[in-house]
file my_file.cif (mmCIF, C-alpha atoms and all ligand atoms)
data_protein
loop_
_atom_site.label_atom_id
_atom_site.label_comp_id
_atom_site.auth_asym_id
_atom_site.auth_seq_id
_atom_site.Cartn_x
_atom_site.Cartn_y
_atom_site.Cartn_z
CA MET Y 24 110.06 61.00 153.70
CA SER Y 25 109.47 62.29 150.21
CA ILE Y 26 106.75 62.74 147.64
CA ALA Y 27 107.53 60.58 144.62
CA HIS Y 28 104.38 61.33 142.69
CA LEU Y 29 101.92 64.23 142.84
CA ALA Y 30 98.63 64.65 140.98
CA ILE Y 31 96.62 67.86 141.29
CA THR Y 32 93.06 68.22 140.03
CA HIS Y 33 90.85 71.35 139.95
CA LEU Y 34 93.03 73.26 142.39
CA ARG Y 35 93.30 77.05 141.71
CA ASN Y 36 94.31 77.48 138.05
CA PHE Y 37 95.15 73.77 137.52
CA GLU Y 38 92.78 71.54 135.60
CA SER Y 39 94.71 68.29 136.01
CA VAL Y 40 98.49 67.96 136.27
CA THR Y 41 100.93 65.34 137.52
CA ILE Y 42 104.61 65.56 138.43
CA GLN Y 43 107.28 63.14 139.62
CA PRO Y 44 109.36 65.22 142.05
CA SER Y 45 112.99 64.58 142.92
CA PRO Y 46 113.49 63.19 146.45
CA GLU Y 47 115.96 66.04 147.00
CA VAL Y 48 115.64 69.45 145.32
CA ASN Y 49 112.68 70.64 143.27
CA ILE Y 50 112.77 74.11 141.77
CA ILE Y 51 109.43 75.41 140.53
CA HIS Y 52 109.79 78.47 138.32
CA GLY Y 53 107.57 80.55 136.07
CA PRO Y 54 106.04 84.00 135.70
CA ASN Y 55 103.70 85.69 138.19
CA GLY Y 56 100.32 84.04 138.46
CA SER Y 57 101.43 80.86 136.67
CA GLY Y 58 100.66 78.49 139.58
CA LYS Y 59 103.96 78.11 141.53
CA THR Y 60 102.48 78.87 144.94
CA SER Y 61 99.47 76.72 144.04
CA ILE Y 62 101.73 73.65 143.75
CA LEU Y 63 103.00 74.28 147.30
CA GLU Y 64 99.42 74.79 148.45
CA ALA Y 65 98.51 71.44 146.89
CA ILE Y 66 101.31 69.71 148.83
CA PHE Y 67 100.23 71.51 152.00
CA LEU Y 68 96.65 70.33 151.52
CA LEU Y 69 98.00 66.79 151.16
CA GLY Y 70 100.04 67.04 154.39
CA ARG Y 71 97.64 68.99 156.60
CA GLY Y 72 94.20 68.54 155.06
CA ARG Y 73 93.64 72.31 154.99
CA PRO Y 74 94.78 75.39 153.01
CA PHE Y 75 97.78 77.57 154.07
CA ASN Y 76 95.29 80.04 155.41
CA ALA Y 77 92.78 78.13 157.52
CA HIS Y 78 90.08 80.80 157.04
CA ASP Y 79 90.38 80.61 153.28
CA ARG Y 80 87.87 77.80 152.95
CA ASN Y 81 87.03 77.50 149.30
CA SER Y 82 89.40 79.53 147.17
CA LEU Y 83 91.64 76.50 146.56
CA ILE Y 84 88.89 74.97 144.43
CA LYS Y 85 89.10 75.98 140.79
CA VAL Y 86 86.35 78.43 139.86
CA GLY Y 87 83.38 76.54 138.41
CA LYS Y 88 84.34 73.18 140.00
CA LEU Y 89 82.76 71.48 143.00
CA SER Y 90 85.91 70.04 144.58
CA CYS Y 91 89.67 69.81 144.30
CA THR Y 92 91.80 66.72 144.83
CA VAL Y 93 95.47 66.17 145.50
CA PHE Y 94 96.88 62.72 145.34
CA GLY Y 95 100.41 61.71 146.26
CA GLY Y 96 102.67 58.71 146.48
CA VAL Y 97 104.82 59.07 149.60
CA THR Y 98 108.08 57.19 149.95
CA LEU Y 99 109.03 56.44 153.53
CA ALA Y 100 112.72 56.68 154.45
CA LYS Y 101 114.82 54.36 152.28
CA GLU Y 102 111.83 52.19 151.36
CA VAL Y 103 110.75 51.42 147.83
CA LEU Y 104 107.11 51.03 148.72
CA LYS Y 105 104.98 54.12 148.17
CA VAL Y 106 102.03 54.96 150.40
CA PRO Y 107 99.14 56.44 148.42
CA VAL Y 108 97.61 59.52 150.07
CA GLY Y 109 94.71 61.62 148.81
CA VAL Y 110 92.75 64.64 149.98
CA THR Y 111 89.58 66.01 148.39
CA ARG Y 112 87.99 69.27 149.48
CA SER Y 113 84.49 70.16 148.39
CA LEU Y 114 82.70 73.49 148.13
CA ASP Y 115 80.25 72.44 150.86
CA GLY Y 116 83.23 72.44 153.29
CA SER Y 117 83.53 68.66 153.58
CA HIS Y 118 86.76 66.81 152.99
CA LYS Y 119 87.78 63.26 152.34
CA ILE Y 120 91.15 61.83 153.36
CA ARG Y 121 92.55 58.53 152.14
CA VAL Y 122 95.78 57.02 153.44
CA GLY Y 123 97.10 53.69 152.14
CA GLY Y 124 93.80 52.96 150.42
CA ASP Y 125 91.62 53.52 153.51
CA ASN Y 126 89.34 56.42 154.36
CA VAL Y 127 90.58 58.13 157.50
CA LYS Y 128 88.84 60.71 159.67
CA SER Y 129 91.74 62.38 161.42
CA LYS Y 130 94.12 64.79 159.78
CA SER Y 131 96.85 63.64 162.15
CA ALA Y 132 97.36 60.55 159.96
CA LEU Y 133 98.44 62.97 157.21
CA ALA Y 134 100.67 64.94 159.56
CA GLU Y 135 102.46 61.75 160.61
CA LEU Y 136 103.10 60.71 157.03
CA LEU Y 137 103.96 64.10 155.55
CA PRO Y 138 105.67 66.36 158.08
CA LEU Y 139 105.90 69.74 156.36
CA GLN Y 140 107.84 72.90 157.16
CA VAL Y 141 106.54 75.91 155.26
CA ILE Y 142 108.27 79.22 154.62
CA SER Y 143 105.83 81.47 152.79
CA PRO Y 144 104.30 84.93 153.28
CA GLU Y 145 101.82 83.31 155.72
CA ALA Y 146 104.77 82.15 157.83
CA PHE Y 147 105.52 85.78 158.81
CA GLY Y 148 102.51 85.40 161.13
CA LEU Y 149 104.86 83.40 163.33
CA LEU Y 150 106.45 86.71 164.34
CA SER Y 151 103.82 89.35 163.61
CA GLY Y 152 100.63 87.37 164.27
CA GLY Y 153 98.96 86.43 167.55
CA PRO Y 154 100.31 83.86 170.04
CA GLY Y 155 98.12 81.14 168.48
CA ASN Y 156 100.58 80.98 165.55
CA ARG Y 157 103.49 80.38 167.89
CA ARG Y 158 101.62 77.85 170.04
CA GLN Y 159 100.81 75.92 166.89
CA PHE Y 160 104.49 76.00 165.93
CA ILE Y 161 105.68 74.67 169.33
CA ASP Y 162 102.88 72.11 169.52
CA TRP Y 163 103.67 70.77 166.05
CA GLY Y 164 107.20 70.10 167.31
CA VAL Y 165 106.18 68.63 170.65
CA PHE Y 166 103.48 66.48 169.00
CA HIS Y 167 106.08 64.80 166.77
CA VAL Y 168 108.80 64.54 169.39
CA GLU Y 169 106.78 63.45 172.47
CA HIS Y 170 104.16 60.79 171.96
CA SER Y 171 102.39 61.43 175.23
CA PHE Y 172 101.74 65.06 174.30
CA HIS Y 173 98.66 64.59 172.11
CA ASP Y 174 96.64 62.78 174.75
CA SER Y 175 97.48 65.26 177.54
CA TRP Y 176 96.79 68.16 175.20
CA ARG Y 177 93.34 66.71 174.37
CA ARG Y 178 92.47 66.19 178.03
CA LEU Y 179 93.68 69.67 178.89
CA ASN Y 180 91.42 71.20 176.26
CA ARG Y 181 88.48 69.13 177.41
CA SER Y 182 88.83 70.33 181.00
CA LEU Y 183 89.32 73.92 179.84
CA LYS Y 184 86.13 73.73 177.77
CA GLN Y 185 84.17 72.32 180.72
CA ARG Y 186 85.58 74.93 183.09
CA ASN Y 187 84.70 77.77 180.68
CA LYS Y 188 81.22 76.33 180.17
CA LEU Y 189 80.61 76.41 183.94
CA LEU Y 190 82.04 79.91 184.24
CA ARG Y 191 79.68 81.17 181.55
CA HIS Y 192 76.70 79.86 183.53
CA GLY Y 193 77.39 82.20 186.45
CA ASN Y 194 76.64 81.48 190.15
CA ILE Y 195 79.01 78.56 190.11
CA THR Y 196 80.27 77.40 193.48
CA ASP Y 197 83.92 76.60 194.09
CA CYS Y 198 82.81 73.03 194.76
CA LEU Y 199 81.48 72.63 191.24
CA LEU Y 200 84.59 74.12 189.71
CA ALA Y 201 87.03 72.12 191.84
CA PRO Y 202 87.11 68.82 189.88
CA TRP Y 203 87.69 70.66 186.59
CA ASP Y 204 90.35 72.86 188.17
CA LYS Y 205 92.12 69.77 189.41
CA GLU Y 206 92.10 68.10 185.98
CA PHE Y 207 93.01 71.35 184.25
CA VAL Y 208 96.04 71.87 186.52
CA GLU Y 209 97.14 68.25 186.18
CA TYR Y 210 97.25 68.32 182.37
CA ALA Y 211 98.43 71.92 182.21
CA ASP Y 212 101.51 70.86 184.14
CA ILE Y 213 102.24 67.96 181.77
CA VAL Y 214 101.68 70.04 178.61
CA THR Y 215 103.77 72.89 179.99
CA ARG Y 216 106.62 70.63 181.02
CA LEU Y 217 106.76 69.13 177.51
CA ARG Y 218 106.54 72.54 175.84
CA THR Y 219 109.23 73.98 178.12
CA SER Y 220 111.67 71.17 177.47
CA TYR Y 221 111.01 71.45 173.72
CA VAL Y 222 111.74 75.19 173.66
CA ASP Y 223 114.84 74.57 175.84
CA ARG Y 224 116.18 72.31 173.08
CA LEU Y 225 114.96 74.53 170.25
CA ALA Y 226 116.49 77.79 171.50
CA PRO Y 227 120.24 76.95 171.25
CA LEU Y 228 119.72 75.28 167.87
CA PHE Y 229 117.78 78.29 166.64
CA ASN Y 230 120.58 80.61 167.77
CA SER Y 231 123.30 78.62 166.08
CA ILE Y 232 121.35 78.33 162.79
CA LEU Y 233 120.52 82.04 162.81
CA GLY Y 234 124.20 82.73 163.47
CA GLU Y 235 125.05 80.89 160.26
CA LEU Y 236 122.31 82.55 158.24
CA SER Y 237 122.98 86.15 159.27
CA ASP Y 238 125.04 88.57 161.35
CA LEU Y 239 122.01 89.36 163.47
CA ASP Y 240 123.20 89.34 167.02
CA GLY Y 241 120.77 89.68 169.92
CA VAL Y 242 117.73 87.70 168.77
CA SER Y 243 116.42 85.43 171.51
CA ILE Y 244 113.45 83.18 172.07
CA SER Y 245 111.89 82.44 175.42
CA PHE Y 246 108.86 80.49 176.50
CA TYR Y 247 105.90 81.99 178.37
CA PRO Y 248 103.73 79.17 179.77
CA GLY Y 249 100.53 81.26 179.95
CA TRP Y 250 100.79 82.42 183.57
CA ASP Y 251 103.40 83.77 185.98
CA SER Y 252 105.54 80.66 186.20
CA GLN Y 253 106.93 81.69 189.61
CA LYS Y 254 103.58 80.59 191.02
CA PRO Y 255 101.81 77.23 190.80
CA LEU Y 256 98.87 77.34 188.38
CA SER Y 257 96.46 76.23 191.15
CA GLU Y 258 97.28 79.40 193.10
CA VAL Y 259 96.92 81.57 189.99
CA LEU Y 260 93.50 80.02 189.27
CA GLU Y 261 92.40 80.66 192.82
CA ASN Y 262 93.49 84.30 192.69
CA SER Y 263 91.79 84.92 189.36
CA ARG Y 264 88.60 82.98 190.09
CA GLU Y 265 86.44 86.07 190.63
CA ARG Y 266 87.73 87.66 187.44
CA ASP Y 267 87.18 84.37 185.53
CA ARG Y 268 83.58 84.29 186.80
CA ARG Y 269 82.96 87.87 185.71
CA GLN Y 270 84.37 87.40 182.23
CA GLY Y 271 83.10 83.86 181.74
CA PHE Y 272 86.38 82.22 180.74
CA THR Y 273 89.73 81.13 182.15
CA SER Y 274 92.27 83.97 182.16
CA TYR Y 275 95.47 82.03 182.72
CA GLY Y 276 96.84 78.69 181.65
CA PRO Y 277 98.52 76.91 178.72
CA GLN Y 278 95.84 78.26 176.35
CA ARG Y 279 97.72 81.57 176.70
CA ALA Y 280 101.23 80.15 176.15
CA ASP Y 281 103.58 81.91 173.75
CA ILE Y 282 107.16 82.13 172.65
CA LYS Y 283 108.53 85.62 172.82
CA VAL Y 284 110.89 86.36 169.97
CA LYS Y 285 112.95 89.38 170.98
CA TYR Y 286 115.59 91.46 169.31
CA LEU Y 287 117.51 93.00 172.21
CA GLN Y 288 114.61 94.14 174.41
CA HIS Y 289 112.14 94.69 171.56
CA ASN Y 290 109.51 92.49 170.01
CA ALA Y 291 111.34 91.12 166.91
CA ALA Y 292 108.36 91.74 164.60
CA ASP Y 293 108.35 95.47 165.51
CA VAL Y 294 111.99 96.22 164.77
CA LEU Y 295 113.46 93.70 162.32
CA SER Y 296 113.24 94.30 158.56
CA ARG Y 297 111.19 91.88 156.46
CA GLY Y 298 114.37 90.21 155.22
CA GLN Y 299 115.69 89.82 158.77
CA GLN Y 300 112.31 88.44 159.88
CA LYS Y 301 112.43 85.94 157.04
CA LEU Y 302 115.84 84.70 158.25
CA VAL Y 303 114.52 84.38 161.82
CA ILE Y 304 111.55 82.38 160.52
CA CYS Y 305 113.85 80.15 158.43
CA ALA Y 306 116.04 79.52 161.50
CA LEU Y 307 112.97 78.59 163.60
CA LYS Y 308 111.67 76.18 160.96
CA LEU Y 309 115.07 74.62 160.32
CA ALA Y 310 115.63 74.15 164.06
CA SER Y 311 112.21 72.54 164.38
CA GLY Y 312 112.93 70.26 161.38
CA TYR Y 313 116.24 69.27 162.91
CA LEU Y 314 114.62 68.28 166.24
CA TYR Y 315 111.99 66.34 164.32
CA THR Y 316 114.67 64.33 162.52
CA GLU Y 317 116.62 63.79 165.72
CA ALA Y 318 113.54 62.37 167.46
CA THR Y 319 112.07 60.28 164.65
CA GLY Y 320 114.97 59.45 162.31
CA ARG Y 321 112.84 60.82 159.49
CA SER Y 322 113.04 64.09 157.62
CA CYS Y 323 110.56 66.89 156.99
CA ILE Y 324 109.62 68.20 153.59
CA TYR Y 325 110.37 71.91 153.13
CA LEU Y 326 108.06 74.12 151.07
CA ILE Y 327 109.70 77.48 150.44
CA ASP Y 328 107.68 79.98 148.48
CA ASP Y 329 109.64 82.63 146.62
CA LEU Y 330 112.89 81.85 148.37
CA ALA Y 331 114.67 84.83 146.85
CA ALA Y 332 112.10 87.41 147.94
CA GLU Y 333 113.35 89.97 150.47
CA LEU Y 334 116.84 88.44 150.66
CA ASP Y 335 119.97 90.00 149.18
CA SER Y 336 122.33 87.72 147.28
CA ARG Y 337 124.59 87.06 150.28
CA HIS Y 338 121.75 85.97 152.57
CA ARG Y 339 120.14 84.01 149.76
CA SER Y 340 123.34 82.09 149.29
CA LEU Y 341 123.78 81.48 153.04
CA LEU Y 342 120.24 80.09 153.18
CA CYS Y 343 120.68 77.92 150.07
CA ASN Y 344 123.97 76.54 151.38
CA MET Y 345 122.26 75.56 154.60
CA LEU Y 346 119.29 74.02 152.77
CA ALA Y 347 121.72 72.04 150.61
CA ARG Y 348 123.01 70.39 153.79
CA VAL Y 349 119.57 69.39 155.05
CA GLU Y 350 118.70 65.80 154.18
CA SER Y 351 115.15 66.67 153.18
CA GLN Y 352 113.03 66.96 150.11
CA LEU Y 353 112.80 70.61 149.11
CA PHE Y 354 110.23 72.39 146.97
CA LEU Y 355 111.39 75.93 146.14
CA THR Y 356 109.60 78.45 143.97
CA SER Y 357 111.20 81.26 142.03
CA VAL Y 358 110.29 83.62 139.22
CA GLU Y 359 113.67 83.05 137.56
CA ALA Y 360 114.96 79.57 136.81
CA THR Y 361 118.58 80.56 137.28
CA THR Y 362 118.41 82.13 140.76
CA PHE Y 363 119.79 79.15 142.68
CA ASN Y 364 121.45 76.85 140.20
CA ASN Y 365 124.85 76.89 141.87
CA TYR Y 366 123.96 75.59 145.29
CA TRP Y 367 122.97 71.98 144.76
CA GLN Y 368 126.03 70.39 143.16
CA SER Y 369 125.77 67.03 144.90
CA LYS Y 370 121.98 66.85 144.84
CA GLN Y 371 119.39 65.40 142.48
CA ILE Y 372 117.64 68.46 141.11
CA LYS Y 373 114.48 68.67 139.09
CA MET Y 374 113.28 71.89 137.54
CA PHE Y 375 109.60 72.43 136.80
CA HIS Y 376 108.49 75.26 134.57
CA VAL Y 377 104.94 76.42 135.25
CA GLU Y 378 103.00 78.47 132.76
CA GLN Y 379 99.27 79.18 132.89
CA GLY Y 380 98.41 76.05 134.79
CA ALA Y 381 100.66 73.70 132.77
CA ILE Y 382 103.84 72.15 134.21
CA LYS Y 383 106.84 71.12 132.10
CA GLU Y 384 109.81 69.24 133.56
N1 LIG Y 401 89.96 79.30 142.72
C1 LIG Y 401 90.65 79.64 141.60
N2 LIG Y 401 90.20 79.26 140.39
C2 LIG Y 401 90.88 79.57 139.25
N3 LIG Y 401 92.03 80.27 139.26
C3 LIG Y 401 92.52 80.68 140.43
C4 LIG Y 401 91.86 80.39 141.67
N4 LIG Y 401 92.57 80.92 142.68
C5 LIG Y 401 93.64 81.51 142.10
N5 LIG Y 401 93.62 81.39 140.75
C6 LIG Y 401 94.61 81.84 139.77
O1 LIG Y 401 95.67 80.90 139.84
C7 LIG Y 401 96.87 81.50 139.40
C8 LIG Y 401 98.01 80.93 140.18
O2 LIG Y 401 98.31 81.64 141.33
P1 LIG Y 401 99.67 81.38 142.13
O3 LIG Y 401 99.92 79.94 142.28
O4 LIG Y 401 99.56 82.19 143.35
O5 LIG Y 401 100.77 81.98 141.12
P2 LIG Y 401 102.33 82.21 141.31
O6 LIG Y 401 102.71 81.73 142.65
O7 LIG Y 401 102.95 81.44 140.20
O8 LIG Y 401 102.55 83.67 141.14
C9 LIG Y 401 96.66 82.99 139.44
O9 LIG Y 401 96.63 83.44 138.11
C10 LIG Y 401 95.30 83.14 140.11
O10 LIG Y 401 94.59 84.20 139.55
MG MG Y 402 103.39 82.83 144.27
#

call {"tool": "encode", "arguments": {"input": "my_file.cif", "output": "structure tokens"}}
result
Amino acid sequence: MSIAHLAITHLRNFESVTIQPSPEVNIIHGPNGSGKTSILEAIFLLGRGRPFNAHDRNSLIKVGKLSCTVFGGVTLAKEVLKVPVGVTRSLDGSHKIRVGGDNVKSKSALAELLPLQVISPEAFGLLSGGPGNRRQFIDWGVFHVEHSFHDSWRRLNRSLKQRNKLLRHGNITDCLLAPWDKEFVEYADIVTRLRTSYVDRLAPLFNSILGELSDLDGVSISFYPGWDSQKPLSEVLENSRERDRRQGFTSYGPQRADIKVKYLQHNAADVLSRGQQKLVICALKLASGYLYTEATGRSCIYLIDDLAAELDSRHRSLLCNMLARVESQLFLTSVEATTFNNYWQSKQIKMFHVEQGAIKE
């Protein structure tokens, strides 16, 4: 999977630019505020249909314009044919997605075509943010690896919504709740089984990658399903029914799932330095990319914003050496052009210099 052609219009400081990226390594360099991160944001919009920061609704659109558009030609593994993909976001909040010449409604068509792994300042939320960040990370992996996941996940959320709606009404008898409890438990078990087996495969990979990237010893990940897993969820729901009624929502279940990232017995985000956290995040994303490739035979595209930031030269070189072994298209940004020239000997490299919204190859 790689982007062979990228056209960006009215996004942040770009008026209209096009580039022809390398299928392997792309280094985007230029001074502060030139538009390096914006190129990664454009690719992210193309692959996910939303900005890096989901709450940041309109700032991607160039000031004074009504919409921004990113268009790409995506080459599927080893094929010559390019699939045209386009995303337009408008100030009124609407968006338009086109894949292979057709309008599509669902963003999942983009996700299937352009599987992205992002390492950027926003990615630190994976450790320091709420559990929603980590659930999204696991679910991205499970979604791509297990086809049955999406449907069970949708049904689970539907039954949770219905259950919460009833709970908010008050005076709800057990009889009325029972059918939704039954459906909720049924799909919760499926979703949890798939998540558990995914994290079981992710954890050893994560540890071995982190071992190559750093000397950090004692970082572990473990899965919390959203309730005390020693007990069946049906029993937990029964015991917390009064509390659920009082508060008007469901206290336990897969909607509370998390992965705990620990350093020794501490929460990793509380004790690791920023540089160490960055290495942990890289190891998580690389492990997830590896499982994706193993399951689908295709590769992810890595977007790495300011790769050098927070890493000393030894860790930078360990990370670059590992990235050089990944069979994926890479987009790396850097203030200096020369920071990583030595790592990609056997790769096709393209360098893009960005300056005030103009890109030169
Ligand atoms: N909506 C917008 N309209 C116009 N310019 C913008 C908008 N949002 C950001 N910018 C400008 O775009 C430039 C590019 O930012 P960015 O890509 O983050 O730079 P870099 O990563 O190269 O440091 C900055 O100068 C910023 O002020
Ligand atoms: Mg930047």

call {"tool": "residues_around", "arguments": {"input": "my_file.cif", "residues": "segment 233-237 of chain Y", "least_positions_apart": "4", "cutoff": "9 Å", "atoms": "only C-alpha atoms", "output": "count of residues only"}}
result
14

call {"tool": "axis_aligned_box", "arguments": {"input": "my_file.cif", "around": "ligand LIG 401 (chain Y)", "padding_each_side": "6 Å", "output": "lines of an AutoDock Vina configuration file"}}
result
center_x = 96.5
center_y = 81.7
center_z = 140.7
size_x = 25.0
size_y = 16.9
size_z = 17.2

call {"tool": "residues_near_ligand", "arguments": {"input": "my_file.cif", "ligand": "ligand MG 402 (chain Y)", "cutoff": "10 Å", "atoms": "all atoms listed in the file", "output": "list of chain:residue names"}}
result
Y:His52, Y:Gly53, Y:Pro54, Y:Asn55, Y:Gly56, Y:Ser57, Y:Gly58, Y:Lys59, Y:Thr60, Y:Ser61, Y:Ile62, Y:Leu63, Y:Glu64, Y:Ser143, Y:Pro144, Y:Asp328, Y:Asp329, Y:Thr356, Y:Ser357, Y:Val358

call {"tool": "write_last_selection", "arguments": {"input": "my_file.cif", "atoms": "C-alpha atoms", "output": "short mmCIF file (atom, residue, chain, number, x, y, z; two decimals), in the frame of the given file"}}
result
data_model
loop_
_atom_site.label_atom_id
_atom_site.label_comp_id
_atom_site.auth_asym_id
_atom_site.auth_seq_id
_atom_site.Cartn_x
_atom_site.Cartn_y
_atom_site.Cartn_z
CA HIS Y 52 109.79 78.47 138.32
CA GLY Y 53 107.57 80.55 136.07
CA PRO Y 54 106.04 84.00 135.70
CA ASN Y 55 103.70 85.69 138.19
CA GLY Y 56 100.32 84.04 138.46
CA SER Y 57 101.43 80.86 136.67
CA GLY Y 58 100.66 78.49 139.58
CA LYS Y 59 103.96 78.11 141.53
CA THR Y 60 102.48 78.87 144.94
CA SER Y 61 99.47 76.72 144.04
CA ILE Y 62 101.73 73.65 143.75
CA LEU Y 63 103.00 74.28 147.30
CA GLU Y 64 99.42 74.79 148.45
CA SER Y 143 105.83 81.47 152.79
CA PRO Y 144 104.30 84.93 153.28
CA ASP Y 328 107.68 79.98 148.48
CA ASP Y 329 109.64 82.63 146.62
CA THR Y 356 109.60 78.45 143.97
CA SER Y 357 111.20 81.26 142.03
CA VAL Y 358 110.29 83.62 139.22
#

call {"tool": "residues_around", "arguments": {"input": "my_file.cif", "residues": "Leu150 of chain Y", "least_positions_apart": "3", "cutoff": "9 Å", "atoms": "only C-alpha atoms", "output": "PyMOL selection string"}}
result
chain Y and resi 146-147+153-154+156-157+283-284+290-292+300+303-304

call {"tool": "residues_around", "arguments": {"input": "my_file.cif", "residues": "Val259 of chain Y", "least_positions_apart": "2", "cutoff": "12 Å", "atoms": "all atoms listed in the file", "output": "list in words"}}
result
Asp204, Val208, Gly249, Trp250, Asp251, Ser252, Gln253, Lys254, Pro255, Leu256, Ser257, Glu261, Asn262, Ser263, Arg264, Glu265, Arg266, Asp267, Thr273, Ser274, Tyr275 and Gly276 of chain Y

call {"tool": "decode", "arguments": {"input": "my_file.cif", "residues": "segment 236-248 of chain Y", "atoms": "N, CA, C and O atoms", "output": "PDB file, in the first residue's frame"}}
result
ATOM      1  N   LEU Y 236      14.646  -1.170  20.582  1.00  0.00           N
ATOM      2  CA  LEU Y 236      14.684   0.291  20.478  1.00  0.00           C
ATOM      3  C   LEU Y 236      15.332   0.952  21.689  1.00  0.00           C
ATOM      4  O   LEU Y 236      15.725   2.119  21.620  1.00  0.00           O
ATOM      5  N   SER Y 237      15.384   0.256  22.820  1.00  0.00           N
ATOM      6  CA  SER Y 237      15.863   0.907  24.038  1.00  0.00           C
ATOM      7  C   SER Y 237      16.348  -0.123  25.056  1.00  0.00           C
ATOM      8  O   SER Y 237      16.172  -1.320  24.864  1.00  0.00           O
ATOM      9  N   ASP Y 238      16.943   0.385  26.135  1.00  0.00           N
ATOM     10  CA  ASP Y 238      17.361  -0.515  27.219  1.00  0.00           C
ATOM     11  C   ASP Y 238      16.288  -0.579  28.300  1.00  0.00           C
ATOM     12  O   ASP Y 238      16.513  -1.150  29.364  1.00  0.00           O
ATOM     13  N   LEU Y 239      15.159   0.042  28.045  1.00  0.00           N
ATOM     14  CA  LEU Y 239      14.101   0.067  29.045  1.00  0.00           C
ATOM     15  C   LEU Y 239      13.658  -1.345  29.385  1.00  0.00           C
ATOM     16  O   LEU Y 239      13.182  -2.083  28.526  1.00  0.00           O
ATOM     17  N   ASP Y 240      13.817  -1.697  30.632  1.00  0.00           N
ATOM     18  CA  ASP Y 240      13.454  -3.038  31.035  1.00  0.00           C
ATOM     19  C   ASP Y 240      12.335  -2.898  32.057  1.00  0.00           C
ATOM     20  O   ASP Y 240      12.458  -2.096  32.967  1.00  0.00           O
ATOM     21  N   GLY Y 241      11.256  -3.622  31.916  1.00  0.00           N
ATOM     22  CA  GLY Y 241      10.204  -3.535  32.925  1.00  0.00           C
ATOM     23  C   GLY Y 241       8.943  -2.846  32.445  1.00  0.00           C
ATOM     24  O   GLY Y 241       8.050  -2.586  33.236  1.00  0.00           O
ATOM     25  N   VAL Y 242       8.845  -2.565  31.118  1.00  0.00           N
ATOM     26  CA  VAL Y 242       7.592  -2.004  30.609  1.00  0.00           C
ATOM     27  C   VAL Y 242       6.698  -3.177  30.207  1.00  0.00           C
ATOM     28  O   VAL Y 242       7.146  -4.121  29.555  1.00  0.00           O
ATOM     29  N   SER Y 243       5.446  -3.136  30.629  1.00  0.00           N
ATOM     30  CA  SER Y 243       4.543  -4.232  30.267  1.00  0.00           C
ATOM     31  C   SER Y 243       3.190  -3.690  29.855  1.00  0.00           C
ATOM     32  O   SER Y 243       2.801  -2.594  30.280  1.00  0.00           O
ATOM     33  N   ILE Y 244       2.499  -4.435  28.995  1.00  0.00           N
ATOM     34  CA  ILE Y 244       1.120  -4.049  28.693  1.00  0.00           C
ATOM     35  C   ILE Y 244       0.190  -5.186  29.085  1.00  0.00           C
ATOM     36  O   ILE Y 244       0.529  -6.353  28.943  1.00  0.00           O
ATOM     37  N   SER Y 245      -0.957  -4.805  29.617  1.00  0.00           N
ATOM     38  CA  SER Y 245      -1.940  -5.836  29.946  1.00  0.00           C
ATOM     39  C   SER Y 245      -3.330  -5.297  29.645  1.00  0.00           C
ATOM     40  O   SER Y 245      -3.562  -4.089  29.656  1.00  0.00           O
ATOM     41  N   PHE Y 246      -4.228  -6.210  29.362  1.00  0.00           N
ATOM     42  CA  PHE Y 246      -5.563  -5.831  28.927  1.00  0.00           C
ATOM     43  C   PHE Y 246      -6.543  -5.861  30.088  1.00  0.00           C
ATOM     44  O   PHE Y 246      -6.580  -6.819  30.864  1.00  0.00           O
ATOM     45  N   TYR Y 247      -7.333  -4.801  30.225  1.00  0.00           N
ATOM     46  CA  TYR Y 247      -8.431  -4.780  31.193  1.00  0.00           C
ATOM     47  C   TYR Y 247      -9.728  -4.758  30.382  1.00  0.00           C
ATOM     48  O   TYR Y 247      -9.958  -3.833  29.597  1.00  0.00           O
ATOM     49  N   PRO Y 248     -10.568  -5.782  30.511  1.00  0.00           N
ATOM     50  CA  PRO Y 248     -11.739  -5.875  29.623  1.00  0.00           C
ATOM     51  C   PRO Y 248     -12.848  -4.871  29.922  1.00  0.00           C
ATOM     52  O   PRO Y 248     -13.736  -4.668  29.100  1.00  0.00           O
TER      53      PRO Y 248
END
